[in-house]
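Inspection log for the structure reproduced underneath, given as structure tokens.
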Amino acid sequence: MAQALRPDLLVDDGEDGRPRWDNKFQYLLSCVGFAVGLGNIWRFPYLCQTYGGGAFLIPYLIALVFEGIPLFHIELAIGQRLRRGSIGVWTAISPYLGGVGLGCFTVSFLVSLYYNTVLVWVLWYFLNSFQQPLPWAACPPNLNRTGLVEECQGSGTVSYFWYRQTLNITADIDHSGAVQWRLLLCQAASWAVVYLCVSRGIETTGKAIYFTALFPYLVLTIFLVRGLTLPGATEGLIYLFTPNVQILLNPRVWLDAATQIFFSLSLAFGGHIAFASYNPPRNNCRRDAVIIALVNSMTSLYASITIFAIMGFKATSDHGQCLDRNILSLINEFSLPEQSISRDSYPAALLHLNATQPGRVAQLPLRACRLEDFLDQGASGPGLAFIVFTEAVLHMPGAPVWAVLFFGMLFTLGLSSMFGNMEGIITPLLDMGVLPRWVPKEVLTGLTCLVCFLSATCFTLQSGSYWLEVFDNFAASLNLVTFAFLEVVGVIYVYGMKRFCADVEWMTGQWPNIYWRMSWRAVSPLLLLGILLSYIALLVHRSPSYKAWNPQYELFPLQEEKLYPGWVQATCMLLSFLPLLWVPASALAQLLARRRQEDTQLDTGLKPQDSGGC
Amino acid sequence: MLWLFFFLVTAVRAELCQPDAENAFKVRLSIRTALGDKAYVWDTNEEYLFRAMVAFSMRKVPNRETTEISHVLLCNVTQRVSFWFVVTDPSKNHTLPADEVQSAIRMNRNRINNVFFLNDQTLEFLKIPSTLAPPTDPSVPIWIIIFGVIFCVVIVATTLLILSGIRQRRRQNKESSEVDDAEDKLENMGTIANSIPCDSLNMKGGHVNDGFMTEDERLTPL
């Protein structure tokens with residue numbers, strides 16, 4: 001038995017009226033769905049590509065083994081043992097650490113705001129995919145129908161559809177513009193779907209997760225099979241997975257691998273703690289942690305194979321088009337018969353013409369067409385999904401079907417992550433008893449979704465995409481790493497390693513072995529500290545600039561780099577540090593409350609009671 | 001004499017139609033790109049047809065109804081298939097202004113394209129912009145239809161979920177109130193010990209308490 005555990009926390013048979021998972025598979029799927037999100041699709045392949053292909057897997061696996069799995073095990077274990085959401089768990093471990101829970105709760109709230117906005121964009125694209133030809137296939141004609149819209153001609157059809165017809169983006173973050181009603185409608189629908197699935201907590205998400213967690217795997221498989229049959233897929237795979245071991249000497253690679261594992265597993269949000277708190281107390285959380293972390297990493301790899309195959313196809317197709325354009329220029333200039341120069345004979349023909357008539361050749365707008373250049377054009381984040389992939393889909397026969405499947409997959413991926421985010425918000429609220437008991441749970445979730453929906457309307461402004469970048473860069477990264485560090489330190493050093501290991505033994509039947517103890521005690525905290533310090537160093541070094549879409553820019557369609565105005569920089573700082581302030585603020589409040597209690601008890605002559613911090 | 005006149009005429013006509021001459025337009029065809037295997041060869045008969053189409057287009061312009069095929073001159077035909085053409089006036093000394101020719105071609109662009117089985121991209125008149133087709137917007141954009149469907153489904157599902165939740169809670173309340181009623185009834189019947197109402201125990205003088213002993217248990221079995 002766990003000797004030092006307070007009796008009121010020992011719940012042996014799970015009969016405390018807390019909601020329960022229908023079965024183990026539902027719980028595993030929910031955690032996998034929370035962990036596997038959009039980042040697995042659009043962040044990991046990009047990192048793989050940038051950092052030397054297959055060689056990136058080495059720092060990634062090391063980070064998984066020494067940082068991801070140990071931290072994940074801690075979260076699941078404390079959630080399952082203490083059977084509370086993130087705020088309750090931390091107040092139970094130590095009343096002075098309640099701020100960590102509050103901070104995680106705040107970060108979950110901020111992240112759910114902007115994460116759902118990405119879902120809104122995905123939903124918009126999904127709704128627009130049910131037509132042939134796809135709306136981003138061609139430029140719309142201009143007003144007097146003599147040509148195409150100028151901005152579209154400069155930027156390309158896909159970018160135009162994204163920046164103008166979807167976001168209707170302003171040229172800088174100062175000009176907020178008007179609320180885009182189309183995006184607002186999609187946002188209402190998106191939050192309605194989230195509410196539908198989250199309304200009764202895990203009772204409803206448990207049913208929804210069967211679809212939202214498994215559908216992406218189905219679509220990924222379909223895309224993999226289709227992608228591998230497309231021309232150029234193998235070139236893409238070979239080029240992008242060929243390891244470049246030299247790159248491991250760059251410290252950035254290790255930092256990015258560690259951060260990728262950290263964010264990929266969705267640690268320190270409080271969502272996993274909430275999910276684990278609905279488990280029966282004697283559940284093998286160690287095995288769960290290992291399984292879920294491995295599934296998450298396998299999914300990343302699987303997704304990157306699919307993405308690389310399709311990107312290889314796109315690169316080959318673009319390369320072919322580049323060659324064709326050059327060939328057409330040559331044929332038109334020298335009035336050669338059509339199709340007299342094939343793609344293979346182009347270099348020889350160019351050489352011959354350059355030797356005989358260099359003057360005329362020099363005047364032509366010939367671009368250098370190298371396949372490697374096209375393969376190198378990696379993109380991550382929304383750029384991959386909404387610009388690069390949509391363009392790739394255009395070239396595939398039966399484009400609307402692939403677009404519908406792709407955006408449907410992205411939506412379900414994001415939705416299952418949203419469930420975890422919302423649990424990270426709702427479970428602490430339920431545990432704290434914010435609303436009286438007789439108010440049904442649906443009302444609480446409804447109010448939460450309503451508040452989130454109203455707060456997130458700022459992202460439907462014309463400058464919304466810039467704000468999303470601000471939130472993405474500043475609200476989540478620093479705070480989550482700090483909270484994870486405090487988590488490890490709090491559990492191992494404040495709660496106590498012996499006590500925690502005893503709890504784990506009670507739950508799983510096995511005392512954690514040397515690997516776990518070493519990782520918890522030394523390796524993970526050091527890794528997290530390293531990430532934290534590098535983050536702060538990068539933050540200080542980086543100029544607070546952003547890339548703006550400005551049609552008036554002279555180098556359009558390249559994005560103009562602008563500095564954040566003062567008030568935006570202040571907001572960035574606030575977002576980075578405000579959630580962290582909960583920790584000292586809560587500790588201070590607790591200290592003052594204790595002092596006051598002791599003073600009043602001394603005054604009235606009562607013995608100081610052990611308040612226990614429940 | 002006749003030869004000299006003929007030579008003069010051809011020389012004048014040659015001057016009228018030259019690359020980059022005044023009022024001359026360059027045309028470029030991409031027959032193999034458009035038709036692939038079914039491509040036809042560009043010969044003088046096709047050129048005749050082209051001249052006929054240009055003359056036809058000019059005849060539709062008011063004041064130019066008397067344009068003949070012989071007024072349309074072609075020159076510099078290359079293997080690419082590209083050439084220059086001009087339209088002369090009946091006197092064959094001057095070329096018609098470029099604006100007239102341009103507007104005439106633009107009006108009949110579709111018919112010219114169809115005659116040669118080509119389109120605006122494969123039969124190019126350089127310097128004559130083509131009129132783009134109007135965007136075929138359906139009256140209700142497709143995305144709104146799909147959005148309406150999804151939103152209605154979500155609203156209906158949410159309402160059903162909430163209603164079933166209310167019904168479940170009402171049923172739970174009724175059950176728990178039934179249990180409460182049963183307990184209340186027992187309470188009202190007097191004090192209860194081990195849920196046996198004490199009134200049923202027969203207090204005969206107080207030394208036999210049937211609640212604790214039955215007949216069989218007066219003597220404990222060996």
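As shown in the structure tokens, the chain order sets the letters A, B, ...; within each chain, residues go from 1, and ligands are also counted from 1 in the order they appear.
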Report as JSON lines the residues of chain A within 6 Å of chain B, each with its shortest atom pair and distance in Å (one decimal), using only C-alpha atoms, ordered by chain and increasing residue number.
```
{"residue": "A:Leu127", "atom": "CA", "partner": "B:Trp143", "partner_atom": "CA", "distance": 4.8}
{"residue": "A:Asn128", "atom": "CA", "partner": "B:Trp143", "partner_atom": "CA", "distance": 5.2}
{"residue": "A:Arg145", "atom": "CA", "partner": "B:Leu132", "partner_atom": "CA", "distance": 5.6}
{"residue": "A:Thr146", "atom": "CA", "partner": "B:Thr131", "partner_atom": "CA", "distance": 5.5}
{"residue": "A:Ala189", "atom": "CA", "partner": "B:Phe151", "partner_atom": "CA", "distance": 5.9}
{"residue": "A:Leu196", "atom": "CA", "partner": "B:Thr158", "partner_atom": "CA", "distance": 5.4}
{"residue": "A:Ser335", "atom": "CA", "partner": "B:Arg80", "partner_atom": "CA", "distance": 4.7}
{"residue": "A:Leu336", "atom": "CA", "partner": "B:Arg80", "partner_atom": "CA", "distance": 4.9}
{"residue": "A:Pro337", "atom": "CA", "partner": "B:Arg80", "partner_atom": "CA", "distance": 4.1}
{"residue": "A:Glu338", "atom": "CA", "partner": "B:Arg80", "partner_atom": "CA", "distance": 5.8}
```
Writer output for current selection, C-alpha atoms, as a CSV table (one decimal), in the first residue's frame:
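Final file, result-v7.csv:
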```
chain,number,residue,atom,x,y,z
A,127,LEU,CA,-16.8,23.0,-47.9
A,128,ASN,CA,-15.2,24.4,-51.0
A,145,ARG,CA,-13.0,40.6,-68.2
A,146,THR,CA,-10.0,41.4,-70.3
A,189,ALA,CA,-20.2,25.4,-37.2
A,196,LEU,CA,-21.8,18.3,-29.8
A,335,SER,CA,9.9,29.1,-84.8
A,336,LEU,CA,10.8,25.5,-84.6
A,337,PRO,CA,8.1,22.9,-85.2
A,338,GLU,CA,5.9,22.0,-82.2
```
Inset, instruction - From a DSSP pass on the backbone, collect the residues of region 116-163 of chain B flagged as helix (DSSP H, G or I) and hand them back as a list of chain:residue names. - result: B:Ile142, B:Trp143, B:Ile144, B:Ile145, B:Ile146, B:Phe147, B:Gly148, B:Val149, B:Ile150, B:Phe151, B:Cys152, B:Val153, B:Val154, B:Ile155, B:Val156, B:Ala157, B:Thr158, B:Thr159, B:Leu160, B:Leu161, B:Ile162, B:Leu163
Inset, instruction - May I have the residues within 7 Å of region 107-119 of chain B as a list in words, using only C-alpha atoms and disregarding those fewer than 2 positions away in the same chain? - result: Ala34, Met53, Ser57, Ser103, Ala104, Ile105, Gln121, Thr122 and Leu123 of chain B
Inset, instruction - Considering only C-alpha atoms, return as an MDAnalysis selection string whatever protein or nucleic-acid residues lie within 10 Å of Val568 (chain A), sequence-local ones (same chain, fewer than 5 positions apart) excluded. - result: chainID A and resid 173:174 467 470 544 563 573:574
Inset, instruction - Could you give me, as a PyMOL selection string, the residues within 7 Å of Ile69 (chain B), counting only C-alpha atoms and dropping anything in the same chain fewer than 3 positions from it? - result: chain B and resi 51-52+55+72
Keeping only C-alpha atoms, write the selected residues to a file as a PDB file, in the first residue's frame.
```
ATOM      1  CA  ARG B  51      -7.915  34.003 -94.858  1.00  0.00           C
ATOM      2  CA  ALA B  52     -11.550  33.216 -95.489  1.00  0.00           C
ATOM      3  CA  ALA B  55     -12.416  38.072 -94.431  1.00  0.00           C
ATOM      4  CA  VAL B  72      -6.161  39.210 -96.601  1.00  0.00           C
TER       5      VAL B  72
END
```
Legend entry - Nearest to Phe25 (chain B) by atom-to-atom distance, counting only C-alpha atoms, from B:Thr88, B:Gln102, B:Asn45, B:Asn93: B:Gln102
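CA of Met409 (chain A) is positioned 11.1 Å from CA of Ile222 (chain A).
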Residues near Tyr495 (chain A), anyone? I mean within 8 Å using only C-alpha atoms, not counting same-chain ones fewer than 5 positions away, as a CSV table (one decimal) with all heavy atoms, in the first residue's frame.
```
chain,number,residue,atom,x,y,z
A,93,ILE,N,-1.0,17.8,-4.7
A,93,ILE,CA,0.4,17.5,-4.5
A,93,ILE,C,1.0,18.5,-3.5
A,93,ILE,O,1.7,18.1,-2.6
A,93,ILE,CB,1.1,17.5,-5.8
A,93,ILE,CG1,0.8,16.3,-6.7
A,93,ILE,CG2,2.6,17.6,-5.6
A,93,ILE,CD1,1.5,16.2,-8.0
A,94,SER,N,0.7,19.7,-3.7
A,94,SER,CA,1.2,20.7,-2.7
A,94,SER,C,0.3,21.9,-2.9
A,94,SER,O,0.2,22.4,-4.1
A,94,SER,CB,2.6,21.0,-2.9
A,94,SER,OG,2.9,22.3,-2.4
A,490,GLY,N,8.0,19.2,-9.4
A,490,GLY,CA,7.0,19.1,-8.4
A,490,GLY,C,6.7,17.7,-8.0
A,490,GLY,O,6.7,17.4,-6.8
A,500,PHE,N,6.0,8.7,-5.0
A,500,PHE,CA,5.5,8.5,-6.3
A,500,PHE,C,5.7,7.1,-6.9
A,500,PHE,O,4.8,6.5,-7.5
A,500,PHE,CB,6.1,9.6,-7.3
A,500,PHE,CG,5.6,9.5,-8.7
A,500,PHE,CD1,4.3,9.8,-9.0
A,500,PHE,CD2,6.5,9.2,-9.7
A,500,PHE,CE1,3.8,9.8,-10.3
A,500,PHE,CE2,6.0,9.1,-11.0
A,500,PHE,CZ,4.7,9.4,-11.3
```
Legend entry - Coordinates-based distance that separates CA of Glu151 (chain A) from CA of Pro551 (chain A) (Å, one decimal):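 Here the two named atoms are 6.5 Å from each other.
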Inset, instruction - Select from region 26-131 of chain B everything DSSP, run on the backbone, classes as strand (DSSP E), then give the selection as a list in words. - result: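 Secondary structure check on region 26-131 of chain B, strand (DSSP E): Lys26, Val27, Arg28, Leu29, Val72, Leu73, Leu74, Cys75, Ser82, Phe83, Trp84, Phe85, Val86, Val87, Leu123, Glu124 and Phe125 of chain B.
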Could you save the residues just selected, with C-alpha atoms, as a compact mmCIF listing (two decimals), in the first residue's frame?
```txt
# COMPACT_ATOMS: atom_id res chain seq x y z
CA LYS B 26 1.21 37.71 -85.71
CA VAL B 27 -0.66 34.46 -85.34
CA ARG B 28 0.69 31.34 -83.69
CA LEU B 29 -0.95 27.92 -83.79
CA VAL B 72 -6.16 39.21 -96.60
CA LEU B 73 -2.42 38.73 -97.00
CA LEU B 74 -0.33 36.14 -95.19
CA CYS B 75 3.41 36.08 -94.98
CA SER B 82 3.24 31.07 -87.05
CA PHE B 83 2.69 33.79 -89.60
CA TRP B 84 1.80 37.43 -90.03
CA PHE B 85 -1.32 38.74 -91.71
CA VAL B 86 -2.76 42.09 -92.81
CA VAL B 87 -6.09 43.07 -94.28
CA LEU B 123 -4.64 29.71 -81.62
CA GLU B 124 -2.95 32.83 -80.43
CA PHE B 125 -3.35 36.25 -81.94
```
Legend entry - All residues 9 Å or closer to Leu413 (chain A), only C-alpha atoms, same chain fewer than 4 positions away omitted, as a list in words: Gly33, Phe34, Val36, Gly37, Leu38, Thr212, Ala213, Phe215, Pro216, Gly408, Met409, Ser417 and Met418 of chain A
Using N, CA, C and O atoms, can you export the residues from the last selection as a JSON list (two decimals), in the first residue's frame?
```
[["chain", "number", "residue", "atom", "x", "y", "z"],
["A", 33, "GLY", "N", -5.68, 10.25, -29.92],
["A", 33, "GLY", "CA", -6.28, 11.32, -30.69],
["A", 33, "GLY", "C", -5.81, 12.69, -30.24],
["A", 33, "GLY", "O", -5.57, 13.58, -31.06],
["A", 34, "PHE", "N", -5.63, 12.84, -28.93],
["A", 34, "PHE", "CA", -5.16, 14.12, -28.40],
["A", 34, "PHE", "C", -3.72, 14.37, -28.82],
["A", 34, "PHE", "O", -3.35, 15.47, -29.24],
["A", 36, "VAL", "N", -1.96, 12.83, -31.35],
["A", 36, "VAL", "CA", -1.81, 12.92, -32.80],
["A", 36, "VAL", "C", -2.64, 14.08, -33.30],
["A", 36, "VAL", "O", -3.84, 14.09, -33.17],
["A", 37, "GLY", "N", -2.03, 15.08, -33.81],
["A", 37, "GLY", "CA", -2.74, 16.26, -34.27],
["A", 37, "GLY", "C", -2.15, 16.76, -35.57],
["A", 37, "GLY", "O", -1.45, 16.05, -36.28],
["A", 38, "LEU", "N", -2.45, 18.02, -35.84],
["A", 38, "LEU", "CA", -2.00, 18.59, -37.10],
["A", 38, "LEU", "C", -0.48, 18.64, -37.18],
["A", 38, "LEU", "O", 0.08, 18.57, -38.27],
["A", 212, "THR", "N", -13.24, 10.00, -35.03],
["A", 212, "THR", "CA", -12.27, 11.06, -35.28],
["A", 212, "THR", "C", -10.84, 10.60, -35.13],
["A", 212, "THR", "O", -9.93, 11.19, -35.69],
["A", 213, "ALA", "N", -10.60, 9.54, -34.33],
["A", 213, "ALA", "CA", -9.22, 9.09, -34.18],
["A", 213, "ALA", "C", -8.83, 8.08, -35.24],
["A", 213, "ALA", "O", -7.66, 7.96, -35.57],
["A", 215, "PHE", "N", -10.44, 7.66, -38.46],
["A", 215, "PHE", "CA", -10.60, 8.12, -39.84],
["A", 215, "PHE", "C", -9.30, 8.65, -40.45],
["A", 215, "PHE", "O", -8.99, 8.34, -41.61],
["A", 216, "PRO", "N", -8.50, 9.45, -39.70],
["A", 216, "PRO", "CA", -7.25, 9.94, -40.32],
["A", 216, "PRO", "C", -6.33, 8.81, -40.78],
["A", 216, "PRO", "O", -5.67, 8.95, -41.82],
["A", 408, "GLY", "N", -11.05, 16.56, -44.84],
["A", 408, "GLY", "CA", -11.78, 15.80, -43.84],
["A", 408, "GLY", "C", -10.83, 15.19, -42.83],
["A", 408, "GLY", "O", -11.09, 15.22, -41.61],
["A", 409, "MET", "N", -9.71, 14.66, -43.31],
["A", 409, "MET", "CA", -8.72, 14.07, -42.40],
["A", 409, "MET", "C", -8.17, 15.13, -41.46],
["A", 409, "MET", "O", -8.05, 14.92, -40.25],
["A", 417, "SER", "N", -7.79, 16.39, -31.24],
["A", 417, "SER", "CA", -6.92, 17.16, -30.35],
["A", 417, "SER", "C", -7.71, 18.17, -29.56],
["A", 417, "SER", "O", -7.40, 18.46, -28.39],
["A", 418, "MET", "N", -8.75, 18.75, -30.18],
["A", 418, "MET", "CA", -9.59, 19.71, -29.48],
["A", 418, "MET", "C", -10.27, 19.07, -28.28],
["A", 418, "MET", "O", -10.49, 19.72, -27.25]]
```
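We find CA of Arg200 (chain A) and CA of Thr445 (chain A) to be spaced 7.6 Å apart.
When only C-alpha atoms are used to compute distances to Ser199 (chain A), the closest of the residues B:Asp137, B:Leu160, B:Leu16, B:Lys92 turns out to be B:Leu160.
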